[in-house]
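Asker: A single structure is presented below for examination.
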Protein chains: 2
Amino acid sequence: MNGKKVSESTVGRLSLYLRLLSELQADGVSTLSSDALARRCGTTAAQVRKDLSLFGTFGKRGLGYSVDELVTELRSILGLGRRWRVAVVGAGRIGVALLGYEDFRKQGFYIEAVFDADRTKVGQERHGLVIQSEDELEEVLGGGIDIVIVAVPAQWAQSVVDRVVSAGVRGILNFAPTKLDVPAGVALKNVNMAMELEALSYALASSGKRPRAAVRARG
Amino acid sequence: MNGKKVSESTVGRLSLYLRLLSELQADGVSTLSSDALARRCGTTAAQVRKDLSLFGTFGKRGLGYSVDELVTELRSILGLGRRWRVAVVGAGRIGVALLGYEDFRKQGFYIEAVFDADRTKVGQERHGLVIQSEDELEEVLGGGIDIVIVAVPAQWAQSVVDRVVSAGVRGILNFAPTKLDVPAGVALKNVNMAMELEALSYALASSGKRPRAAVRARG
DNA sequence: CTTACTTTGTGAACAGTTTCACAAGTGCTC
DNA sequence: GAGCACTTGTGAAACTGTTCACAAAGTAAG
């Protein structure tokens, strides 16, 4: 492994590679070229090789990559070799939908707590978890939660994030449609569905005006 | 407006600007400099001006931008001056959660139909919409649906997309954690929550090893 | 009207990412 | 083991997106 910096897009592609390789592994495929992987991920062979080369030398010339080995390496690179303890703040529609999302658990992300500010919800059960009061946020998060998913209305998101950060959490996934500030050293990712719809709106509206404005998102 | 190409990141920022400006407009702010806007959006003044300059000349030198005017312009640029007719395919947890998401409707995205392959769900009501059979997909979509949100399990997503595209829909928002192919001329956007979590995992895992690996997502 | 100050719009410089192109390594066959 | 077909890893080139820096244009005050 060399010490070059790794871009966000590279990390995104690594996730994609891993997902695909896991499927192939289940299908019993043992070896794969960068070209075959690239084709299935909608990228190029050179891109695949560059991405992987940031972390080491995993391929065999003339042969390609061992699927098993690459799955192992990618899981290690992405930090998926361990159990990540996750909490959800906000037991609204989105927050609750995430509680039951099996894909998270499959990759080692275990949702262990869910909070809501609404006293009438506190104590109720959702997908096997009892909704806790936001008053208990600091106490519970301090017990070793790694990642918090923020699914509260936009106007409260920043204050929730501030509390979460001061409770020592260093990874945040934000679903509130607003820009959040976190101190350096805290990783923040945003899922903004309204923004994606607006991007579609833009693509559709402008493709009507300009002759060729096809937009294809990566992976 | 000049004919330069507009990057995905620019479009994303335009959404952000619009959201912020709408808030300021509600607060009665009438005028704003690129620097003030940039600061609130986590970008730079030059970036704001470059983004806007792709579409026209909206500012007044020495003064800044009129909030009202810019809101109008951005809505027009993003194609938000109209009602977009949306359908959701997949009435699972995520699909149903989206039906009740008020933010969509606020920006002009109206969810008018929801489909599921599960016969036992068909006919049931969710958030005021009756779940329809996927057999009716082509017929209903042909009635003028602009955008389809795909919220089905990954292994069925591609076949749903193929049907949706051949029904004439040209905008797709995909929540299935898989890479989809669409023909040129169809706009596809992906929301991949598992991938975002993996990016957090990467950031957290590697910040433990390397001295300074703070990751701050834009927006 | 003139001066001082503010802010835009944009060409040019810079930085980051992707693609190209090819030497070097590997397996297979004869 | 020599020749052939294939594929990797990577420096260099091309491309894309961001930041800089400044002329031009506007406001405000005296």
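Scheme for the structure tokens: letters A, B, ... for chains in order shown; per-chain residue numbers from 1; ligand numbers from 1 in order shown.
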Could you list, as a list in words, the residues of chain A having an atom within 8 Å of chain C when counting only C-alpha atoms (C1' of nucleotides)?

Answerer: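 For chain A, the answer reads Ala46, Gln47, Lys60, Arg61, Gly62 and Leu63 of chain A.
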
Asker: Suppose we keep N, CA and C atoms; can you now write the selection as an mmCIF file, in the first residue's frame?

Answerer:
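To be explicit, this is the file written out as part07.cif:
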```
data_model
loop_
_atom_site.group_PDB
_atom_site.id
_atom_site.type_symbol
_atom_site.label_atom_id
_atom_site.label_comp_id
_atom_site.auth_asym_id
_atom_site.auth_seq_id
_atom_site.Cartn_x
_atom_site.Cartn_y
_atom_site.Cartn_z
ATOM 1 N N ALA A 46 -8.858 0.530 -17.045
ATOM 2 C CA ALA A 46 -7.771 1.342 -16.480
ATOM 3 C C ALA A 46 -8.187 1.935 -15.137
ATOM 4 N N GLN A 47 -9.440 2.344 -15.065
ATOM 5 C CA GLN A 47 -9.948 2.929 -13.817
ATOM 6 C C GLN A 47 -9.909 1.905 -12.691
ATOM 7 N N LYS A 60 -2.853 -10.719 -10.942
ATOM 8 C CA LYS A 60 -1.765 -11.492 -11.547
ATOM 9 C C LYS A 60 -1.793 -11.215 -13.042
ATOM 10 N N ARG A 61 -0.649 -10.794 -13.551
ATOM 11 C CA ARG A 61 -0.581 -10.465 -14.974
ATOM 12 C C ARG A 61 -0.896 -11.688 -15.821
ATOM 13 N N GLY A 62 -1.619 -11.462 -16.871
ATOM 14 C CA GLY A 62 -2.012 -12.556 -17.746
ATOM 15 C C GLY A 62 -3.248 -13.286 -17.272
ATOM 16 N N LEU A 63 -3.610 -13.083 -15.981
ATOM 17 C CA LEU A 63 -4.684 -13.887 -15.403
ATOM 18 C C LEU A 63 -5.850 -13.035 -14.899
#
```

Asker: Enumerate as a list in words all residues of range 81-128 of chain A assigned to helix (DSSP H, G or I) by DSSP on the backbone, naming them with the chain letters and numbers the document uses.

Answerer: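 These are the residues in question: Arg93, Ile94, Gly95, Val96, Ala97, Leu98, Leu99, Glu102, Asp103, Phe104, Arg105 and Lys106 of chain A.
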
Asker: Which value, in Å to one decimal, gives the distance between CA of Ser15 in chain B and CA of Asp103 in chain A?

Answerer: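 Interatomic distance, CA of Ser15 in chain B to CA of Asp103 in chain A: 28.9 Å.
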
Asker: For Val67 in chain A, find every residue with an atom within 12 Å (counting only C-alpha atoms (C1' of nucleotides)), except residues of its own chain fewer than 5 positions away, and show them as a list in words.

Answerer: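 Those residues are Tyr17, Leu18, Arg19, Leu20, Leu21, Ser22, Glu23, Leu24, Gln25, Ala26, Asp27, Gly28, Val29, Ser30, Thr31, Leu32, Ser33, Ser34, Ala36, Leu37, Phe58, Gly59, Lys60, Thr72, Glu73 and Leu74 of chain A.
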
Asker: I'd like the neighbourhood of Arg119 in chain B as a PyMOL selection string, where a residue qualifies if any of its atoms comes within 10 Å (using only C-alpha atoms (C1' of nucleotides)), though same-chain residues fewer than 2 positions away should be ignored.

Answerer: chain B and resi 116-117+121-124+131-134

Asker: Could you take the residues named above and write them with N, CA and C atoms, as a PDB file, in the first residue's frame?

Answerer:
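Written output follows (selection.pdb):
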```pdb
ATOM      1  N   ASP B 116     -46.621  -2.607  -6.792  1.00  0.00           N
ATOM      2  CA  ASP B 116     -45.863  -3.677  -6.143  1.00  0.00           C
ATOM      3  C   ASP B 116     -46.179  -4.989  -6.847  1.00  0.00           C
ATOM      4  N   ALA B 117     -45.184  -5.882  -6.839  1.00  0.00           N
ATOM      5  CA  ALA B 117     -45.364  -7.171  -7.502  1.00  0.00           C
ATOM      6  C   ALA B 117     -46.141  -8.140  -6.610  1.00  0.00           C
ATOM      7  N   LYS B 121     -50.374  -7.276  -1.551  1.00  0.00           N
ATOM      8  CA  LYS B 121     -50.353  -5.843  -1.235  1.00  0.00           C
ATOM      9  C   LYS B 121     -51.262  -5.045  -2.164  1.00  0.00           C
ATOM     10  N   VAL B 122     -51.444  -5.579  -3.365  1.00  0.00           N
ATOM     11  CA  VAL B 122     -52.224  -4.846  -4.370  1.00  0.00           C
ATOM     12  C   VAL B 122     -53.626  -4.567  -3.852  1.00  0.00           C
ATOM     13  N   GLY B 123     -54.073  -3.339  -4.011  1.00  0.00           N
ATOM     14  CA  GLY B 123     -55.404  -2.949  -3.556  1.00  0.00           C
ATOM     15  C   GLY B 123     -55.367  -2.280  -2.186  1.00  0.00           C
ATOM     16  N   GLN B 124     -54.301  -2.513  -1.425  1.00  0.00           N
ATOM     17  CA  GLN B 124     -54.175  -1.842  -0.125  1.00  0.00           C
ATOM     18  C   GLN B 124     -53.830  -0.372  -0.322  1.00  0.00           C
ATOM     19  N   ILE B 131     -52.183   0.715  -3.841  1.00  0.00           N
ATOM     20  CA  ILE B 131     -51.090  -0.011  -4.484  1.00  0.00           C
ATOM     21  C   ILE B 131     -51.625  -0.768  -5.688  1.00  0.00           C
ATOM     22  N   GLN B 132     -50.948  -0.559  -6.819  1.00  0.00           N
ATOM     23  CA  GLN B 132     -51.390  -1.201  -8.055  1.00  0.00           C
ATOM     24  C   GLN B 132     -50.470  -2.365  -8.405  1.00  0.00           C
ATOM     25  N   SER B 133     -50.999  -3.268  -9.196  1.00  0.00           N
ATOM     26  CA  SER B 133     -50.208  -4.411  -9.636  1.00  0.00           C
ATOM     27  C   SER B 133     -49.159  -3.967 -10.657  1.00  0.00           C
ATOM     28  N   GLU B 134     -48.005  -4.621 -10.629  1.00  0.00           N
ATOM     29  CA  GLU B 134     -46.973  -4.274 -11.611  1.00  0.00           C
ATOM     30  C   GLU B 134     -47.403  -4.612 -13.029  1.00  0.00           C
TER      31      GLU B 134
END
```

Asker: Among chain B, which ones does DSSP assign to strand (DSSP E) (computed from the backbone)? Answer as an NGL selection string.

Answerer: :B and (31-32 or 59-60 or 64-66 or 84-89 or 109-116 or 125-126 or 129-133 or 147-150 or 171-174 or 187-190)

Asker: Write out as JSON, numbers by chain every residue belonging to chain D that has an atom at most 10 Å from any atom of chain B, counting only C-alpha atoms (C1' of nucleotides).

Answerer: {"D": [16, 17, 18, 19, 20, 24, 25, 26, 27]}

Asker: Given only C-alpha atoms, how would the per-residue table for chain B near chain A read, listing every residue at most 7 Å away with its closest atom pair and distance in Å to one decimal, sorted by chain and number, as JSON lines?

Answerer:
```
{"residue": "B:Val11", "atom": "CA", "partner": "A:Ala199", "partner_atom": "CA", "distance": 6.3}
{"residue": "B:Gly12", "atom": "CA", "partner": "A:Met195", "partner_atom": "CA", "distance": 6.7}
{"residue": "B:Ser15", "atom": "CA", "partner": "A:Met195", "partner_atom": "CA", "distance": 6.1}
{"residue": "B:Cys41", "atom": "CA", "partner": "A:Lys179", "partner_atom": "CA", "distance": 6.7}
{"residue": "B:Ile77", "atom": "CA", "partner": "A:Tyr202", "partner_atom": "CA", "distance": 6.9}
{"residue": "B:Leu78", "atom": "CA", "partner": "A:Tyr202", "partner_atom": "CA", "distance": 4.4}
{"residue": "B:Gly79", "atom": "CA", "partner": "A:Ala205", "partner_atom": "CA", "distance": 5.2}
{"residue": "B:Leu80", "atom": "CA", "partner": "A:Ser201", "partner_atom": "CA", "distance": 6.9}
{"residue": "B:Arg93", "atom": "CA", "partner": "A:Ala97", "partner_atom": "CA", "distance": 5.0}
{"residue": "B:Ile94", "atom": "CA", "partner": "A:Ala97", "partner_atom": "CA", "distance": 5.7}
{"residue": "B:Ala97", "atom": "CA", "partner": "A:Arg93", "partner_atom": "CA", "distance": 5.1}
{"residue": "B:Asp103", "atom": "CA", "partner": "A:Ala194", "partner_atom": "CA", "distance": 6.8}
{"residue": "B:Phe104", "atom": "CA", "partner": "A:Ala194", "partner_atom": "CA", "distance": 6.1}
{"residue": "B:Gly171", "atom": "CA", "partner": "A:Leu200", "partner_atom": "CA", "distance": 6.1}
{"residue": "B:Lys179", "atom": "CA", "partner": "A:Gly219", "partner_atom": "CA", "distance": 4.6}
{"residue": "B:Leu180", "atom": "CA", "partner": "A:Gly219", "partner_atom": "CA", "distance": 6.7}
{"residue": "B:Ala184", "atom": "CA", "partner": "A:Ala214", "partner_atom": "CA", "distance": 5.5}
{"residue": "B:Gly185", "atom": "CA", "partner": "A:Ala214", "partner_atom": "CA", "distance": 4.3}
{"residue": "B:Val186", "atom": "CA", "partner": "A:Ala214", "partner_atom": "CA", "distance": 6.1}
{"residue": "B:Ala187", "atom": "CA", "partner": "A:Val215", "partner_atom": "CA", "distance": 4.9}
{"residue": "B:Leu188", "atom": "CA", "partner": "A:Arg216", "partner_atom": "CA", "distance": 5.5}
{"residue": "B:Lys189", "atom": "CA", "partner": "A:Ala217", "partner_atom": "CA", "distance": 5.5}
{"residue": "B:Ala194", "atom": "CA", "partner": "A:Phe104", "partner_atom": "CA", "distance": 6.1}
{"residue": "B:Met195", "atom": "CA", "partner": "A:Ser15", "partner_atom": "CA", "distance": 6.0}
{"residue": "B:Glu196", "atom": "CA", "partner": "A:Lys189", "partner_atom": "CA", "distance": 6.5}
{"residue": "B:Glu198", "atom": "CA", "partner": "A:Leu78", "partner_atom": "CA", "distance": 6.5}
{"residue": "B:Ala199", "atom": "CA", "partner": "A:Val11", "partner_atom": "CA", "distance": 6.3}
{"residue": "B:Leu200", "atom": "CA", "partner": "A:Gly171", "partner_atom": "CA", "distance": 6.1}
{"residue": "B:Ser201", "atom": "CA", "partner": "A:Gly79", "partner_atom": "CA", "distance": 5.5}
{"residue": "B:Tyr202", "atom": "CA", "partner": "A:Leu78", "partner_atom": "CA", "distance": 4.4}
{"residue": "B:Ala203", "atom": "CA", "partner": "A:Ala187", "partner_atom": "CA", "distance": 6.5}
{"residue": "B:Leu204", "atom": "CA", "partner": "A:Gly171", "partner_atom": "CA", "distance": 6.9}
{"residue": "B:Ala205", "atom": "CA", "partner": "A:Gly79", "partner_atom": "CA", "distance": 5.2}
{"residue": "B:Ala213", "atom": "CA", "partner": "A:Gly185", "partner_atom": "CA", "distance": 6.9}
{"residue": "B:Ala214", "atom": "CA", "partner": "A:Gly185", "partner_atom": "CA", "distance": 4.2}
{"residue": "B:Val215", "atom": "CA", "partner": "A:Ala187", "partner_atom": "CA", "distance": 4.8}
{"residue": "B:Arg216", "atom": "CA", "partner": "A:Leu188", "partner_atom": "CA", "distance": 5.5}
{"residue": "B:Ala217", "atom": "CA", "partner": "A:Lys189", "partner_atom": "CA", "distance": 5.5}
{"residue": "B:Gly219", "atom": "CA", "partner": "A:Lys179", "partner_atom": "CA", "distance": 4.8}
```

Asker: Can you work out the spacing between CA of Val169 in chain A and CA of Leu129 in chain A in Å, to one decimal?

Answerer: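 Separation of CA of Val169 in chain A and CA of Leu129 in chain A: 20.4 Å.
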
Asker: What is the distance between CA of Tyr110 in chain B and CA of Gln155 in chain B, in Å to one decimal?

Answerer: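 Interatomic distance, CA of Tyr110 in chain B to CA of Gln155 in chain B: 27.0 Å.
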